[in-house]
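Q: As input, take structure39.cif (mmCIF, C-alpha atoms):
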```cif
data_input
loop_
_atom_site.label_atom_id
_atom_site.label_comp_id
_atom_site.auth_asym_id
_atom_site.auth_seq_id
_atom_site.Cartn_x
_atom_site.Cartn_y
_atom_site.Cartn_z
CA MET A 1 -15.22 -21.61 3.58
CA ASP A 2 -11.83 -21.53 5.24
CA LEU A 3 -10.03 -18.25 4.61
CA GLY A 4 -7.27 -18.99 7.12
CA ASP A 5 -4.44 -18.63 4.63
CA PHE A 6 -5.61 -15.20 3.54
CA GLU A 7 -6.41 -14.01 7.02
CA ALA A 8 -2.90 -14.90 8.14
CA ASP A 9 -1.67 -12.06 5.92
CA ASN A 10 -4.41 -10.03 4.32
CA SER A 11 -2.02 -7.50 2.82
CA VAL A 12 -1.00 -9.83 0.02
CA SER A 13 -2.95 -11.88 -2.49
CA CYS A 14 -3.87 -15.42 -1.75
CA ARG A 15 -4.90 -18.49 -3.73
CA LEU A 16 -7.45 -20.86 -2.26
CA THR A 17 -8.27 -24.09 -4.06
CA SER A 18 -10.44 -27.10 -3.63
CA GLU A 19 -9.04 -30.55 -4.24
CA VAL A 20 -8.98 -31.31 -7.96
CA PRO A 21 -11.57 -34.07 -8.52
CA ASP A 22 -9.91 -37.12 -10.12
CA VAL A 23 -12.47 -37.18 -12.90
CA CYS A 24 -11.36 -33.67 -13.93
CA ARG A 25 -7.88 -34.96 -14.72
CA SER A 26 -9.10 -37.61 -17.09
CA GLU A 27 -12.20 -36.09 -18.71
CA ASP A 28 -12.68 -32.94 -20.77
CA CYS A 29 -13.80 -30.16 -18.50
CA CYS A 30 -15.55 -26.84 -18.75
CA LEU A 31 -14.56 -23.93 -16.59
CA GLY A 32 -16.28 -20.70 -15.61
CA ILE A 33 -14.63 -17.52 -14.43
CA ASP A 34 -16.22 -14.66 -12.56
CA GLU A 35 -15.25 -12.00 -10.15
CA ALA A 36 -16.68 -10.41 -7.02
CA GLY A 37 -15.90 -7.04 -5.53
CA ARG A 38 -14.60 -5.16 -8.52
CA GLY A 39 -16.45 -1.96 -7.66
CA PRO A 40 -16.24 -1.51 -3.89
CA VAL A 41 -13.85 0.98 -2.39
CA LEU A 42 -12.90 -1.44 0.36
CA GLY A 43 -11.91 -5.04 0.87
CA PRO A 44 -10.45 -7.54 -1.54
CA MET A 45 -11.46 -8.42 -5.07
CA VAL A 46 -11.94 -12.12 -5.67
CA TYR A 47 -11.60 -14.06 -8.89
CA GLY A 48 -13.44 -17.34 -8.78
CA ILE A 49 -13.16 -20.26 -11.14
CA CYS A 50 -15.26 -23.36 -11.04
CA TYR A 51 -14.85 -26.41 -13.26
CA CYS A 52 -16.45 -29.78 -13.87
CA PRO A 53 -16.44 -32.42 -16.60
CA VAL A 54 -18.36 -31.37 -19.72
CA SER A 55 -20.35 -34.59 -19.26
CA ARG A 56 -21.58 -33.44 -15.84
CA LYS A 57 -22.97 -30.06 -16.90
CA GLU A 58 -26.53 -31.26 -16.32
CA ASP A 59 -25.69 -32.43 -12.80
CA LEU A 60 -24.30 -29.00 -12.06
CA LYS A 61 -27.50 -27.44 -13.36
CA SER A 62 -29.48 -29.58 -10.95
CA LEU A 63 -27.62 -27.94 -8.05
CA LYS A 64 -29.64 -24.85 -9.02
CA VAL A 65 -26.70 -22.49 -9.12
CA ALA A 66 -27.60 -19.03 -10.38
CA ASP A 67 -25.99 -15.62 -10.75
CA SER A 68 -24.71 -14.78 -7.30
CA LYS A 69 -26.16 -11.27 -7.53
CA THR A 70 -29.69 -12.65 -7.71
CA LEU A 71 -29.19 -14.70 -4.55
CA THR A 72 -29.33 -13.77 -0.92
CA GLU A 73 -26.28 -14.26 1.25
CA ALA A 74 -27.87 -17.29 2.90
CA GLU A 75 -28.68 -18.84 -0.48
CA ARG A 76 -25.11 -18.32 -1.64
CA GLU A 77 -23.76 -19.97 1.48
CA GLU A 78 -26.06 -22.92 0.91
CA LEU A 79 -25.12 -23.24 -2.75
CA PHE A 80 -21.44 -23.03 -1.93
CA GLN A 81 -22.03 -25.88 0.50
CA ASN A 82 -23.75 -27.83 -2.27
CA LEU A 83 -20.78 -27.22 -4.55
CA SER A 84 -18.44 -28.39 -1.81
CA ASP A 85 -20.55 -31.52 -1.39
CA ALA A 86 -20.25 -32.18 -5.12
CA LYS A 87 -16.47 -32.37 -4.76
CA ASP A 88 -16.30 -35.66 -6.63
CA TYR A 89 -16.82 -33.73 -9.87
CA VAL A 90 -16.78 -29.98 -9.10
CA GLY A 91 -13.55 -28.15 -8.34
CA TRP A 92 -12.94 -24.48 -7.69
CA ALA A 93 -10.14 -22.05 -7.08
CA LEU A 94 -10.12 -18.50 -5.85
CA GLN A 95 -7.64 -15.73 -6.17
CA ILE A 96 -8.17 -13.21 -3.43
CA ILE A 97 -6.55 -9.96 -4.41
CA SER A 98 -6.01 -7.98 -1.28
CA PRO A 99 -6.86 -4.31 -1.43
CA ASN A 100 -3.15 -3.76 -0.75
CA THR A 101 -2.06 -5.56 -3.89
CA ILE A 102 -2.79 -5.45 -7.58
CA SER A 103 -2.09 -8.69 -9.32
CA THR A 104 -3.65 -11.36 -11.43
CA SER A 105 -2.86 -14.90 -12.28
CA MET A 106 -4.08 -18.00 -14.02
CA LEU A 107 -4.81 -21.53 -13.05
CA GLN A 108 -2.32 -24.32 -13.58
CA SER A 109 -3.30 -27.55 -11.88
CA GLY A 110 -3.61 -30.48 -14.27
CA VAL A 111 -7.31 -30.11 -14.97
CA GLN A 112 -8.06 -31.35 -18.47
CA LEU A 113 -9.65 -28.18 -19.80
CA LYS A 114 -11.79 -28.07 -22.90
CA GLU A 115 -14.27 -25.25 -22.55
CA VAL A 116 -13.89 -21.94 -20.74
CA PHE A 117 -16.67 -19.47 -19.99
CA VAL A 118 -15.79 -15.95 -18.94
CA ASP A 119 -17.95 -13.14 -17.68
CA THR A 120 -17.04 -9.72 -18.99
CA VAL A 121 -17.96 -6.07 -18.75
CA GLY A 122 -15.85 -5.13 -21.76
CA PRO A 123 -16.01 -6.03 -25.44
CA ALA A 124 -16.77 -9.75 -25.36
CA GLU A 125 -15.72 -10.57 -28.94
CA LYS A 126 -12.34 -8.92 -28.59
CA TYR A 127 -11.58 -10.75 -25.35
CA GLU A 128 -12.85 -14.03 -26.74
CA GLU A 129 -10.52 -13.72 -29.71
CA LYS A 130 -7.60 -12.75 -27.49
CA LEU A 131 -8.13 -15.64 -25.08
CA SER A 132 -8.68 -18.13 -27.91
CA GLN A 133 -5.35 -17.13 -29.43
CA ARG A 134 -3.62 -17.28 -26.09
CA PHE A 135 -5.05 -20.69 -25.28
CA PRO A 136 -5.32 -22.65 -28.52
CA GLY A 137 -7.12 -25.93 -28.00
CA LEU A 138 -9.64 -24.36 -25.64
CA GLU A 139 -13.12 -23.33 -26.62
CA VAL A 140 -13.36 -19.91 -25.03
CA THR A 141 -16.73 -18.23 -24.61
CA VAL A 142 -16.76 -14.66 -23.34
CA ARG A 143 -20.19 -13.19 -22.63
CA PRO A 144 -21.62 -10.27 -20.73
CA LYS A 145 -23.79 -11.65 -17.92
CA ALA A 146 -22.21 -15.09 -18.37
CA ASP A 147 -22.90 -15.60 -14.67
CA SER A 148 -26.61 -15.85 -15.40
CA LEU A 149 -26.24 -17.79 -18.68
CA PHE A 150 -23.87 -20.62 -17.83
CA PRO A 151 -24.20 -22.67 -14.63
CA ILE A 152 -20.44 -23.16 -14.39
CA VAL A 153 -19.98 -19.37 -14.32
CA SER A 154 -22.79 -19.03 -11.78
CA ALA A 155 -20.94 -21.54 -9.65
CA ALA A 156 -17.72 -19.55 -10.01
CA SER A 157 -19.55 -16.34 -9.10
CA ILE A 158 -20.94 -17.96 -5.98
CA CYS A 159 -17.50 -19.14 -4.87
CA ALA A 160 -16.04 -15.69 -5.47
CA LYS A 161 -18.84 -13.82 -3.77
CA VAL A 162 -18.85 -16.08 -0.72
CA ALA A 163 -15.09 -15.60 -0.32
CA ARG A 164 -15.39 -11.84 -0.73
CA ASP A 165 -18.22 -11.63 1.85
CA HIS A 166 -16.36 -13.76 4.36
CA SER A 167 -13.15 -11.82 4.07
CA VAL A 168 -14.86 -8.45 4.34
CA LYS A 169 -16.92 -9.54 7.32
CA GLY A 170 -14.02 -11.09 9.13
CA TRP A 171 -11.40 -8.55 8.10
CA GLY A 172 -8.55 -8.52 10.59
CA PHE A 173 -7.13 -5.02 10.69
CA THR A 174 -3.35 -5.12 10.98
CA GLU A 175 -3.48 -1.54 12.16
CA ASP A 176 -3.73 -1.13 15.89
CA LEU A 177 -7.10 0.59 15.88
CA GLY A 178 -8.90 -1.15 18.72
CA GLU A 179 -12.49 -2.09 17.98
CA VAL A 180 -13.32 -1.10 14.43
CA ASP A 181 -16.95 -0.64 13.55
CA LYS A 182 -17.62 -3.17 10.80
CA ASP A 183 -20.80 -1.56 9.60
CA TYR A 184 -19.29 -0.49 6.30
CA GLY A 185 -22.22 -1.52 4.15
CA SER A 186 -21.67 -3.04 0.73
CA GLY A 187 -18.44 -1.20 0.12
CA TYR A 188 -19.80 0.41 -3.02
CA PRO A 189 -19.00 4.12 -3.07
CA GLY A 190 -22.68 5.01 -3.46
CA ASP A 191 -23.78 3.14 -0.35
CA PRO A 192 -24.59 5.65 2.44
CA LYS A 193 -23.23 3.26 5.07
CA THR A 194 -19.95 2.97 3.20
CA LYS A 195 -19.78 6.75 2.85
CA ALA A 196 -20.42 7.26 6.56
CA TRP A 197 -17.76 4.70 7.46
CA LEU A 198 -15.20 6.35 5.19
CA LEU A 199 -15.86 9.70 6.81
CA LYS A 200 -15.65 8.32 10.31
CA PHE A 201 -12.44 6.35 9.84
CA LEU A 202 -10.38 8.91 8.01
CA ASP A 203 -7.09 9.70 9.68
CA PRO A 204 -5.79 13.06 8.49
CA VAL A 205 -2.21 11.80 8.24
CA PHE A 206 -2.47 8.13 7.29
CA GLY A 207 -5.76 8.24 5.48
CA TYR A 208 -7.13 4.74 5.91
CA PRO A 209 -6.23 1.25 7.01
CA GLN A 210 -4.95 -1.11 4.29
CA PHE A 211 -8.51 -2.44 4.01
CA ILE A 212 -9.40 0.54 1.86
CA ARG A 213 -8.48 0.84 -1.80
CA PHE A 214 -6.57 4.09 -1.81
CA SER A 215 -6.69 4.34 -5.58
CA TRP A 216 -10.50 4.62 -5.70
CA SER A 217 -11.56 8.17 -6.42
CA THR A 218 -13.99 8.11 -3.48
CA ALA A 219 -11.15 7.52 -1.04
CA LYS A 220 -8.83 9.93 -2.84
CA ARG A 221 -11.38 12.73 -2.75
CA LEU A 222 -12.02 12.31 0.96
CA MET A 223 -8.30 12.33 1.74
CA ASP A 224 -7.81 15.42 -0.42
CA ASP A 225 -10.65 17.20 1.35
CA LYS A 226 -10.13 16.14 4.93
CA GLY A 227 -6.56 14.90 5.16
CA PHE A 228 -3.21 16.64 5.06
CA ALA A 229 -1.65 16.96 1.63
CA VAL A 230 1.09 14.48 0.80
CA TYR A 231 3.56 15.03 -2.04
CA TRP A 232 5.57 12.26 -3.67
CA GLU A 233 8.63 12.54 -5.85
CA ASP A 234 6.76 10.97 -8.77
CA ASP A 235 3.73 13.24 -8.55
CA ASP A 236 2.93 14.88 -11.85
CA GLU A 237 5.67 17.21 -13.01
CA GLU A 238 3.95 20.55 -13.11
CA GLU A 239 2.83 20.28 -9.55
CA ASN A 240 6.24 19.01 -8.53
CA GLY A 241 7.83 22.06 -10.12
CA GLU A 242 5.63 24.32 -8.05
CA ARG A 243 6.42 22.35 -4.96
CA ALA A 244 10.12 22.53 -5.64
CA ALA A 245 9.83 26.28 -6.05
CA ALA A 246 7.92 26.53 -2.81
CA ARG A 247 10.53 24.42 -1.12
CA MET A 248 13.21 26.88 -2.15
CA LYS A 249 11.22 29.55 -0.37
CA ASN A 250 11.98 27.73 2.85
CA THR A 251 8.83 25.68 3.36
CA SER A 252 10.81 22.46 3.51
CA MET A 253 12.56 20.98 6.45
CA LEU A 254 15.73 20.88 4.39
CA THR A 255 16.07 24.65 4.59
CA TYR A 256 16.67 23.99 8.23
CA PHE A 257 20.08 22.75 7.28
CA LYS A 258 20.94 25.50 4.89
CA SER A 259 23.61 27.90 5.96
CA SER A 260 22.35 31.41 6.62
CA THR A 261 22.27 33.86 3.74
CA GLY A 262 25.34 35.72 4.96
CA SER A 263 27.74 32.96 4.10
CA THR A 264 26.11 31.95 0.83
CA ALA A 265 26.17 35.41 -0.74
CA PRO A 266 27.25 34.97 -4.34
CA GLY A 267 30.62 36.58 -3.67
CA ASN A 268 32.01 34.17 -1.14
CA ALA A 269 29.97 31.06 -1.94
CA HIS A 270 32.22 28.19 -2.81
CA GLN A 271 31.24 25.26 -4.96
CA SER A 272 30.61 22.20 -2.85
CA HIS A 273 32.51 19.08 -3.86
CA ARG A 274 30.51 16.37 -5.58
CA PHE A 275 31.09 14.16 -2.55
CA PHE A 276 28.86 16.50 -0.56
CA THR A 277 26.24 17.29 -3.19
CA GLU A 278 25.73 13.59 -3.90
CA ARG A 279 25.11 13.02 -0.23
CA ARG A 280 23.10 16.21 0.17
CA LEU A 281 25.48 17.28 2.91
CA GLN A 282 25.83 20.97 3.62
CA GLY A 283 27.87 22.99 6.02
CA LEU A 284 25.84 24.54 8.76
CA ASP A 285 26.49 27.58 10.90
CA ALA A 286 22.92 28.51 11.81
CA LEU A 287 19.57 26.83 11.45
CA MET B 1 15.46 33.68 7.07
CA SER B 2 16.05 36.06 4.21
CA GLY B 3 18.48 38.94 4.39
CA HIS B 4 18.96 38.72 8.10
CA SER B 5 21.64 36.66 9.72
CA SER B 6 19.77 35.53 12.77
CA VAL B 7 21.33 33.34 15.41
CA THR B 8 20.04 29.95 16.36
CA LEU B 9 20.33 28.93 19.96
CA VAL B 10 20.08 25.33 21.00
CA GLN B 11 18.96 24.80 24.57
CA TRP B 12 21.38 22.04 25.45
CA SER B 13 19.93 21.74 28.92
CA THR B 14 16.92 20.05 27.30
CA LEU B 15 19.10 17.18 26.06
CA GLY B 16 18.98 15.46 29.44
CA GLU B 17 15.21 15.17 29.55
CA ALA B 18 14.83 14.25 25.86
CA GLN B 19 13.44 10.77 25.29
CA ARG B 20 14.91 8.33 22.81
CA THR B 21 12.40 7.87 20.01
CA ALA B 22 11.78 5.86 16.85
CA VAL B 23 12.29 7.93 13.72
CA HIS B 24 10.92 7.23 10.23
CA LEU B 25 12.24 9.20 7.28
CA MET B 26 9.48 9.24 4.66
CA PRO B 27 10.00 9.61 0.91
CA CYS B 28 7.26 12.20 0.68
CA GLU B 29 6.34 15.56 2.01
CA ILE B 30 3.43 15.60 4.42
CA GLU B 31 1.98 19.06 4.77
CA TYR B 32 1.62 18.79 8.49
CA ASN B 33 3.66 19.15 11.65
CA GLY B 34 2.38 17.57 14.81
CA PRO B 35 1.39 14.37 16.50
CA ALA B 36 0.20 11.44 14.38
CA GLN B 37 -0.97 7.89 15.02
CA VAL B 38 2.32 6.37 13.93
CA SER B 39 2.21 3.24 16.05
CA GLN B 40 -1.43 2.54 15.18
CA TYR B 41 -1.14 2.90 11.41
CA LEU B 42 2.51 2.54 10.47
CA THR B 43 4.50 0.56 13.02
CA SER B 44 1.85 -2.10 13.42
CA THR B 45 1.73 -2.83 9.68
CA ILE B 46 5.48 -2.93 8.96
CA LYS B 47 6.64 -6.26 7.63
CA ASP B 48 10.18 -7.15 8.54
CA ARG B 49 12.00 -9.51 6.21
CA LYS B 50 15.71 -10.26 6.23
CA GLN B 51 17.29 -7.16 4.67
CA GLU B 52 14.19 -5.16 4.02
CA LYS B 53 11.12 -3.73 5.65
CA THR B 54 7.93 -3.04 3.76
CA VAL B 55 4.88 -0.98 4.58
CA SER B 56 2.39 1.15 2.74
CA PHE B 57 1.54 4.78 3.31
CA ARG B 58 -1.49 6.36 1.66
CA GLY B 59 -1.69 3.35 -0.62
CA ARG B 60 1.90 3.61 -1.86
CA GLY B 61 4.36 0.78 -1.28
CA LEU B 62 7.43 1.73 0.74
CA ARG B 63 10.58 -0.32 1.18
CA GLY B 64 12.97 0.63 3.89
CA ALA B 65 15.83 -0.28 6.13
CA GLU B 66 17.15 0.60 9.51
CA LEU B 67 20.19 2.84 9.60
CA SER B 68 22.35 3.51 12.63
CA CYS B 69 23.86 6.88 13.40
CA PRO B 70 27.63 6.85 12.88
CA GLN B 71 29.71 5.75 15.85
CA GLY B 72 29.92 8.50 18.44
CA TYR B 73 27.02 10.49 16.96
CA THR B 74 23.52 10.99 18.28
CA GLY B 75 20.53 12.02 16.23
CA LEU B 76 18.55 14.97 17.55
CA VAL B 77 15.00 16.04 16.85
CA LEU B 78 14.85 19.80 17.41
CA LYS B 79 11.76 21.85 17.99
CA ASP B 80 11.23 25.58 17.95
CA VAL B 81 10.65 26.91 21.45
CA ASN B 82 8.66 29.77 19.99
CA PRO B 83 7.24 28.50 16.70
CA ASN B 84 5.50 31.79 15.92
CA ALA B 85 8.62 33.93 16.15
CA SER B 86 9.29 36.11 13.13
CA ASP B 87 12.38 35.41 11.06
CA GLN B 88 13.83 38.71 12.29
CA GLU B 89 14.22 37.28 15.76
CA ASP B 90 16.88 34.90 16.93
CA ARG B 91 15.68 31.37 16.92
CA THR B 92 15.69 29.13 19.93
CA VAL B 93 15.27 25.39 19.61
CA LYS B 94 15.13 22.63 22.17
CA VAL B 95 16.00 18.97 21.87
CA SER B 96 12.62 17.24 21.81
CA SER B 97 13.96 13.71 21.35
CA THR B 98 17.07 11.78 20.41
CA PHE B 99 17.75 8.72 18.28
CA ASP B 100 20.69 6.47 17.51
CA LYS B 101 19.05 4.73 14.58
CA LEU B 102 16.27 5.52 12.18
CA THR B 103 14.20 3.76 9.56
CA TYR B 104 14.39 5.38 6.16
CA TRP B 105 11.86 4.55 3.47
CA ASN B 106 12.17 4.55 -0.30
CA LEU B 107 9.16 4.82 -2.59
CA GLU B 108 8.84 1.36 -4.14
CA THR B 109 12.61 0.88 -4.53
CA PRO B 110 14.52 -1.49 -2.29
CA PRO B 111 16.96 0.13 0.11
CA ASN B 112 20.55 -0.09 -1.11
CA SER B 113 24.02 1.23 -0.46
CA ASP B 114 23.60 3.99 -3.09
CA ASP B 115 20.83 5.69 -1.15
CA THR B 116 21.82 9.25 -0.34
CA LEU B 117 21.28 8.84 3.34
CA VAL B 118 23.37 5.66 3.52
CA MET B 119 26.19 7.34 1.61
CA SER B 120 26.05 10.44 3.78
CA MET B 121 27.04 8.29 6.73
CA ASP B 122 30.51 7.96 5.13
CA TRP B 123 31.33 11.52 6.03
CA PRO B 124 32.13 11.27 9.75
CA GLU B 125 34.81 8.67 9.09
CA LEU B 126 36.26 10.66 6.23
CA ALA B 127 36.12 13.87 8.26
CA GLU B 128 38.02 12.15 11.02
CA ALA B 129 40.71 11.07 8.55
CA ILE B 130 41.00 14.58 7.09
CA HIS B 131 40.57 16.74 10.15
CA GLY B 132 41.43 14.46 13.05
CA ALA B 133 44.50 14.92 15.14
CA VAL B 134 47.59 13.40 13.54
CA GLU B 135 49.31 10.87 15.70
CA ASP B 136 53.07 10.64 15.60
#
```
Would you mind writing the structure in this file as structure tokens?
A:
Amino acid sequence: MDLGDFEADNSVSCRLTSEVPDVCRSEDCCLGIDEAGRGPVLGPMVYGICYCPVSRKEDLKSLKVADSKTLTEAEREELFQNLSDAKDYVGWALQIISPNTISTSMLQSGVQLKEVFVDTVGPAEKYEEKLSQRFPGLEVTVRPKADSLFPIVSAASICAKVARDHSVKGWGFTEDLGEVDKDYGSGYPGDPKTKAWLLKFLDPVFGYPQFIRFSWSTAKRLMDDKGFAVYWEDDDEEENGERAAARMKNTSMLTYFKSSTGSTAPGNAHQSHRFFTERRLQGLDAL
Amino acid sequence: MSGHSSVTLVQWSTLGEAQRTAVHLMPCEIEYNGPAQVSQYLTSTIKDRKQEKTVSFRGRGLRGAELSCPQGYTGLVLKDVNPNASDQEDRTVKVSSTFDKLTYWNLETPPNSDDTLVMSMDWPELAEAIHGAVED
């Protein structure tokens, strides 16, 4: 699998697609959707779709695709190769969502879609109804564990998982960190290897490279515990109020530029013009 | 600094040996003063497009721009010579580095001419017009 486009800039999302088989433009097709890497604290999440003519479902079955989670890495690689070899009737597309981005999108490529199979962790019926309304004319099937029930979803899960594995393995750090130990395990927060890696590569100021999902509670907790506190203007209000109060008691750098108390005594303080307050400019006679 | 009008001394002799440095003004407060791996984590990941730079810090998206000091002005980074002095003592600072431009970062909003820092750069020109010597 060629991840060149993503590796060129792994801070943004990237779409990788196979050629659309001609037969998929003229015949009714079924399509499976699955995802890989939803849980891990690091690396990208990958949505995979795989499609083929409804009439070729049996051929797809004969490729012996199965739920990617039940396969070894080598088996997935082999099956992905088989899917690539079946390019006269099987097409796929991947959306790699970089850990640095949150986005989603849909496929739009001229494939004559008829049936769609989606794997879900949420309420299947609700999603099925929603998708059916959104895409009238499509037969939408949403099922938990769809990746083990429908070969086309298995195929999608294999594409997604292979892409996720490749990109994690070959992750090019844009940070200038020298040799980075790539023994980060599965990336799942419970994995001891992942935990050890997160502890080892924590920078007290910057936290982590962009490879890590900062919004995961595992990463947040470690940064809270071992990193320096960082406060943003849009942090929750109560805390901000306390911070603002603390700031007034000269913890902030800005107090540096405040005139000394002598000249701001209530008696002789003069109201600054709006020109200055808007620009946060203040007169200065001592630091 | 409370209740006592202490004097701040700037050791101007240190200006000569001060190095020019790159300065980033962050839209957050980092509870830390000291060296940090800026070039490794921040500088190396900055993306520079036409009018705007982007980077992320602690998982938040920042959008920034480069801003030059007003003509004839130099930016100074000052450092306490005796950081543990009590606020009853006079304060002595040295020039630790200088800059003639800096990169300021907004949290998620694109840099624009209404940003406080950009507007504050109007003052030197205005001050010159108000306070400058009047030519005949």
Q: Give as an MDAnalysis selection string the residues that the PyMOL selection byres ((chain A) within 8 of (chain B)) matches when applied to the coordinates above.
A: chainID A and resid 100 174:177 205:210 213:215 228:233 260:262 276 278:281 286:287
Q: For the selection just defined, write its residues with C-alpha atoms to a file, as a short mmCIF file (atom, residue, chain, number, x, y, z; two decimals), in the coordinates of the input.
A:
```
data_model
loop_
_atom_site.label_atom_id
_atom_site.label_comp_id
_atom_site.auth_asym_id
_atom_site.auth_seq_id
_atom_site.Cartn_x
_atom_site.Cartn_y
_atom_site.Cartn_z
CA ASN A 100 -3.15 -3.76 -0.75
CA THR A 174 -3.35 -5.12 10.98
CA GLU A 175 -3.48 -1.54 12.16
CA ASP A 176 -3.73 -1.13 15.89
CA LEU A 177 -7.10 0.59 15.88
CA VAL A 205 -2.21 11.80 8.24
CA PHE A 206 -2.47 8.13 7.29
CA GLY A 207 -5.76 8.24 5.48
CA TYR A 208 -7.13 4.74 5.91
CA PRO A 209 -6.23 1.25 7.01
CA GLN A 210 -4.95 -1.11 4.29
CA ARG A 213 -8.48 0.84 -1.80
CA PHE A 214 -6.57 4.09 -1.81
CA SER A 215 -6.69 4.34 -5.58
CA PHE A 228 -3.21 16.64 5.06
CA ALA A 229 -1.65 16.96 1.63
CA VAL A 230 1.09 14.48 0.80
CA TYR A 231 3.56 15.03 -2.04
CA TRP A 232 5.57 12.26 -3.67
CA GLU A 233 8.63 12.54 -5.85
CA SER A 260 22.35 31.41 6.62
CA THR A 261 22.27 33.86 3.74
CA GLY A 262 25.34 35.72 4.96
CA PHE A 276 28.86 16.50 -0.56
CA GLU A 278 25.73 13.59 -3.90
CA ARG A 279 25.11 13.02 -0.23
CA ARG A 280 23.10 16.21 0.17
CA LEU A 281 25.48 17.28 2.91
CA ALA A 286 22.92 28.51 11.81
CA LEU A 287 19.57 26.83 11.45
#
```
Q: What's around A:Thr218 at 9 Å? Count all atoms listed in the file, leave out sequence neighbours fewer than 6 positions away in its own chain, and write the answer as a ChimeraX atom specification.
A: /A:41,189,195,198
Q: Kindly provide, as a list in words, the polymer residues lying within 9 Å of (13.0, -0.4, -3.1), counting all atoms listed in the file and using the coordinates exactly as they appear in the file.
A: Glu52, Thr54, Gly61, Leu62, Arg63, Gly64, Trp105, Asn106, Leu107, Glu108, Thr109, Pro110, Pro111 and Asn112 of chain B
Q: Which residues come within 6 Å of B:Thr103, counting only C-alpha atoms, excluding same-chain residues fewer than 2 positions away, as a PyMOL selection string?
A: chain B and resi 24+65-66
Q: So, counting only C-alpha atoms, which residue among B:Leu102, B:Val81, B:Val95, B:Leu67 is closest to B:Leu25?
A: B:Leu102
Q: Could you tell me, as a PyMOL selection string, exactly which residues end up selected when the PyMOL selection byres ((chain A and resi 181) around 10) is applied to this structure?
A: chain A and resi 178-180+182-184+197+200-201
Q: When you look at stretch 87-90 of chain A with a cut-off of 7 Å (counting all atoms listed in the file), what residues show up, excluding the ones that are within fewer than 2 positions of it in the same chain? I need them as a list in words.
A: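 The neighbour list is Pro21, Val23, Cys24, Tyr51, Cys52, Pro53, Leu83, Ser84, Asp85 and Trp92 of chain A.
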Q: Given all atoms listed in the file as the basis, pick out the residue of B:Lys94, B:Asp80, B:Ala18, B:Pro70 nearest to B:Leu126.
A: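 Using all atoms listed in the file, the shortest distance to B:Leu126 belongs to B:Pro70.
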Q: What is the distance between atom CA of B:Val23 and atom CA of B:Gln51, in Å to one decimal?
A: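 Interatomic distance, atom CA of B:Val23 to atom CA of B:Gln51: 18.3 Å.
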Q: Tell me, as a list in words, which residues lie within 10 Å of A:Ala160, counting all atoms listed in the file; anything in the same chain fewer than 5 positions away does not count.
A: Ile33, Asp34, Glu35, Ala36, Gly37, Met45, Val46, Tyr47, Gly48, Ile49, Cys50, Ser68, Phe80, Trp92, Ala93, Leu94, Gln95, Ile96, Ser154, Ala155 and Asp165 of chain A
Q: Point out the residue among A:His166, A:Lys61, A:Lys145, A:Lys226 with the least atom-to-atom distance to A:Val118, counting all atoms listed in the file.
A: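 Of A:His166, A:Lys61, A:Lys145, A:Lys226, the one nearest A:Val118, counting all atoms listed in the file, is A:Lys145.
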Q: Quick one, how far is atom CA of A:Asp119 from atom CA of A:Leu71?
A: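 Going from atom CA of A:Asp119 over to atom CA of A:Leu71, I get 17.4 Å.
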Q: Just the number, please: distance in Å from atom CA of A:Glu139 to atom CA of A:Val116, one decimal.
A: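 Answer for the atom CA of A:Glu139 to atom CA of A:Val116 separation: 6.1 Å.
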Q: For the PyMOL selection byres ((chain B and resi 74) around 7), applied here, can you spell out every residue it catches as an MDAnalysis selection string?
A: chainID B and resid 69 72:73 75:76 98:100
Q: Just write the chosen residues, C-alpha atoms, as a PDB file, keeping the file's coordinate frame.
A:
```
ATOM      1  CA  CYS B  69      23.860   6.880  13.400  1.00  0.00           C
ATOM      2  CA  GLY B  72      29.920   8.500  18.440  1.00  0.00           C
ATOM      3  CA  TYR B  73      27.020  10.490  16.960  1.00  0.00           C
ATOM      4  CA  GLY B  75      20.530  12.020  16.230  1.00  0.00           C
ATOM      5  CA  LEU B  76      18.550  14.970  17.550  1.00  0.00           C
ATOM      6  CA  THR B  98      17.070  11.780  20.410  1.00  0.00           C
ATOM      7  CA  PHE B  99      17.750   8.720  18.280  1.00  0.00           C
ATOM      8  CA  ASP B 100      20.690   6.470  17.510  1.00  0.00           C
TER       9      ASP B 100
END
```
Q: When you count all atoms listed in the file, which of these residues is closest to B:Glu128: B:Lys53, B:Gln71, B:Asp90, B:Pro83?
A: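 That would be B:Gln71, the residue with the smallest distance to B:Glu128.
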Q: Within 12 Å of (-24.1, -22.2, -1.8) in the file's own coordinates, which protein, DNA or RNA residues have an atom, counting all atoms listed in the file? List them as a ChimeraX atom specification.
A: /A:1,63-68,71-86,154-163
Q: Skip A:Pro123 itself and residues of its chain fewer than 2 positions away, then list as a list in words all residues within 9 Å of it, counting all atoms listed in the file.
A: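 Result of the neighbour search: Thr120, Val121, Glu125, Lys126, Tyr127, Glu128, Val142, Arg143 and Pro144 of chain A.
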